[in-house]
Amino acid sequence: MSNKKILVIEDDADVRLGYQVLLKANHYDTHFAADSLSAVSETRKHRPDLIILDLGLPGGDGFVVLERLRGMPNLAVIPVIVVSARDVHGNKERALKAGARAFVQKPWNDHELLASISQLLGEPDTSASPPEASPSPETVDAPSSP
C-alpha cells in the first residue's frame, strides 16, 4: 500500500474527479490545484512525491508551471507527468525537453498512467491487467432446450 503524495494540476472538475477515484483506489494521497497560479503554492504546501500536470490551464499553461517548478531547486526534483490531448507529438517533445519525466495522452489509459506513476516513484508495477475473469453465469450461453 502506497502513502505517496500526488499533486494533480488540472482545471476540469470532472477530470479531477476521475484522477481522484483512480489514485485513491490505488492508495495514493491526492491533492489538487486547478490553475497555474495555485500550482506552485500547492506544490510548496504539500511537497508531493509526484505531479500530474495538464497543459491547458487558466492563468498560464502547463509549460509555465513546469518552468517555474524547474526553476526552484527544492521543487525541481519532483517528477512530473504531463498529460494532454492537444498536439500530442509536439507537446510531448516540448514537455520532455522542459523537464517532464513522462507524457501521457488524454484520454489516459489507467494502466499506462499507473505504470508511469509506479516507475517514477520507484514502486513495483502493479498496473498489469488482471487475469481474465471467468464469465458470469448470466453471460454463459445456456444450451437451448429441445
# chains A, B, ... in the order shown; residues from 1 in each chain; ligands from 1

call {"tool": "select_by_dssp", "arguments": {"residues": "chain A", "states": "alpha helix (DSSP H)", "output": "PyMOL selection string"}}
result
chain A and resi 13-25+36-46+62-70+73-76+88-97+110-121

call {"tool": "residues_around", "arguments": {"residues": "A:Lys92", "least_positions_apart": "5", "cutoff": "10 Å", "atoms": "only C-alpha atoms", "output": "list in words"}}
result
Val82, Val83, Ser84, Arg86, Asp87, Lys97, Ala98, Ala100, Ala102, Phe103, Val104 and Gln105 of chain A

call {"tool": "write_last_selection", "arguments": {"atoms": "C-alpha atoms", "output": "PDB file, in the first residue's frame"}}
result
ATOM      1  CA  VAL A  82       2.468  15.812 -18.320  1.00  0.00           C
ATOM      2  CA  VAL A  83      -0.995  14.806 -19.518  1.00  0.00           C
ATOM      3  CA  SER A  84      -2.552  16.432 -22.579  1.00  0.00           C
ATOM      4  CA  ARG A  86      -3.505  18.759 -27.590  1.00  0.00           C
ATOM      5  CA  ASP A  87      -0.795  18.422 -30.257  1.00  0.00           C
ATOM      6  CA  LYS A  97      12.772  18.798 -23.052  1.00  0.00           C
ATOM      7  CA  ALA A  98      11.347  21.129 -20.382  1.00  0.00           C
ATOM      8  CA  ALA A 100       8.845  16.372 -17.515  1.00  0.00           C
ATOM      9  CA  ALA A 102       6.780  11.255 -18.721  1.00  0.00           C
ATOM     10  CA  PHE A 103       3.974  12.213 -21.075  1.00  0.00           C
ATOM     11  CA  VAL A 104       0.562  10.550 -21.166  1.00  0.00           C
ATOM     12  CA  GLN A 105      -2.035  11.307 -23.811  1.00  0.00           C
TER      13      GLN A 105
END

call {"tool": "closest_residue", "arguments": {"among": "A:Leu23, A:Val88, A:Ala76, A:Leu96", "to": "A:Ser118", "atoms": "only C-alpha atoms"}}
result
A:Leu23

call {"tool": "closest_residue", "arguments": {"among": "A:Val8, A:Val65, A:Val15, A:Leu55", "to": "A:Val40", "atoms": "only C-alpha atoms"}}
result
A:Val65

call {"tool": "residues_around", "arguments": {"residues": "A:Lys4", "least_positions_apart": "2", "cutoff": "7 Å", "atoms": "only C-alpha atoms", "output": "list of chain:residue names"}}
result
A:Ser2, A:Ile6, A:Tyr28, A:Asp29, A:Asp49

call {"tool": "write_last_selection", "arguments": {"atoms": "all heavy atoms", "output": "tab-separated table (two decimals), in the first residue's frame"}}
result
chain	number	residue	atom	x	y	z
A	2	SER	N	0.60	2.16	-0.90
A	2	SER	CA	1.39	3.37	-1.03
A	2	SER	C	0.79	4.48	-0.18
A	2	SER	O	-0.41	4.55	0.02
A	2	SER	CB	1.40	3.82	-2.49
A	2	SER	OG	2.16	4.99	-2.63
A	6	ILE	N	0.52	12.64	-4.41
A	6	ILE	CA	0.49	13.08	-5.80
A	6	ILE	C	-0.32	14.36	-5.88
A	6	ILE	O	-1.45	14.41	-5.38
A	6	ILE	CB	-0.10	12.00	-6.72
A	6	ILE	CG1	0.78	10.74	-6.70
A	6	ILE	CG2	-0.26	12.54	-8.14
A	6	ILE	CD1	0.27	9.60	-7.55
A	28	TYR	N	-3.03	6.28	-3.22
A	28	TYR	CA	-2.21	7.49	-3.25
A	28	TYR	C	-2.93	8.59	-2.52
A	28	TYR	O	-4.16	8.71	-2.60
A	28	TYR	CB	-1.92	7.91	-4.70
A	28	TYR	CG	-1.01	6.96	-5.42
A	28	TYR	CD1	-1.52	6.12	-6.40
A	28	TYR	CD2	0.34	6.88	-5.12
A	28	TYR	CE1	-0.69	5.22	-7.07
A	28	TYR	CE2	1.18	5.99	-5.78
A	28	TYR	CZ	0.65	5.16	-6.75
A	28	TYR	OH	1.47	4.27	-7.41
A	29	ASP	N	-2.18	9.40	-1.82
A	29	ASP	CA	-2.70	10.58	-1.12
A	29	ASP	C	-2.74	11.70	-2.17
A	29	ASP	O	-1.69	12.11	-2.68
A	29	ASP	CB	-1.76	10.92	0.02
A	29	ASP	CG	-2.23	12.10	0.85
A	29	ASP	OD1	-3.40	12.49	0.73
A	29	ASP	OD2	-1.41	12.62	1.63
A	49	ASP	N	5.24	13.70	-3.89
A	49	ASP	CA	6.26	12.79	-4.42
A	49	ASP	C	6.25	12.80	-5.94
A	49	ASP	O	7.23	12.40	-6.57
A	49	ASP	CB	6.02	11.37	-3.90
A	49	ASP	CG	6.13	11.31	-2.39
A	49	ASP	OD1	7.24	11.52	-1.87
A	49	ASP	OD2	5.10	11.09	-1.72

call {"tool": "closest_residue", "arguments": {"among": "A:Met72, A:Ile52, A:Ala95, A:Leu57", "to": "A:Trp108", "atoms": "only C-alpha atoms"}}
result
A:Ile52

call {"tool": "closest_residue", "arguments": {"among": "A:Ile51, A:Ile9, A:Ile81, A:Leu17", "to": "A:Ser36", "atoms": "only C-alpha atoms"}}
result
A:Ile9

call {"tool": "atom_distance", "arguments": {"atom1": "atom CA of A:Gln119", "atom2": "atom CA of A:Ser38"}}
result
26.7 Å

call {"tool": "atom_distance", "arguments": {"atom1": "atom CA of A:Leu22", "atom2": "atom CA of A:Asn109"}}
result
10.9 Å

call {"tool": "closest_residue", "arguments": {"among": "A:Pro58, A:Ser41, A:Asn26, A:Arg47", "to": "A:Ala115", "atoms": "only C-alpha atoms"}}
result
A:Asn26

call {"tool": "atom_distance", "arguments": {"atom1": "atom CA of A:Arg44", "atom2": "atom CA of A:Tyr19"}}
result
20.6 Å
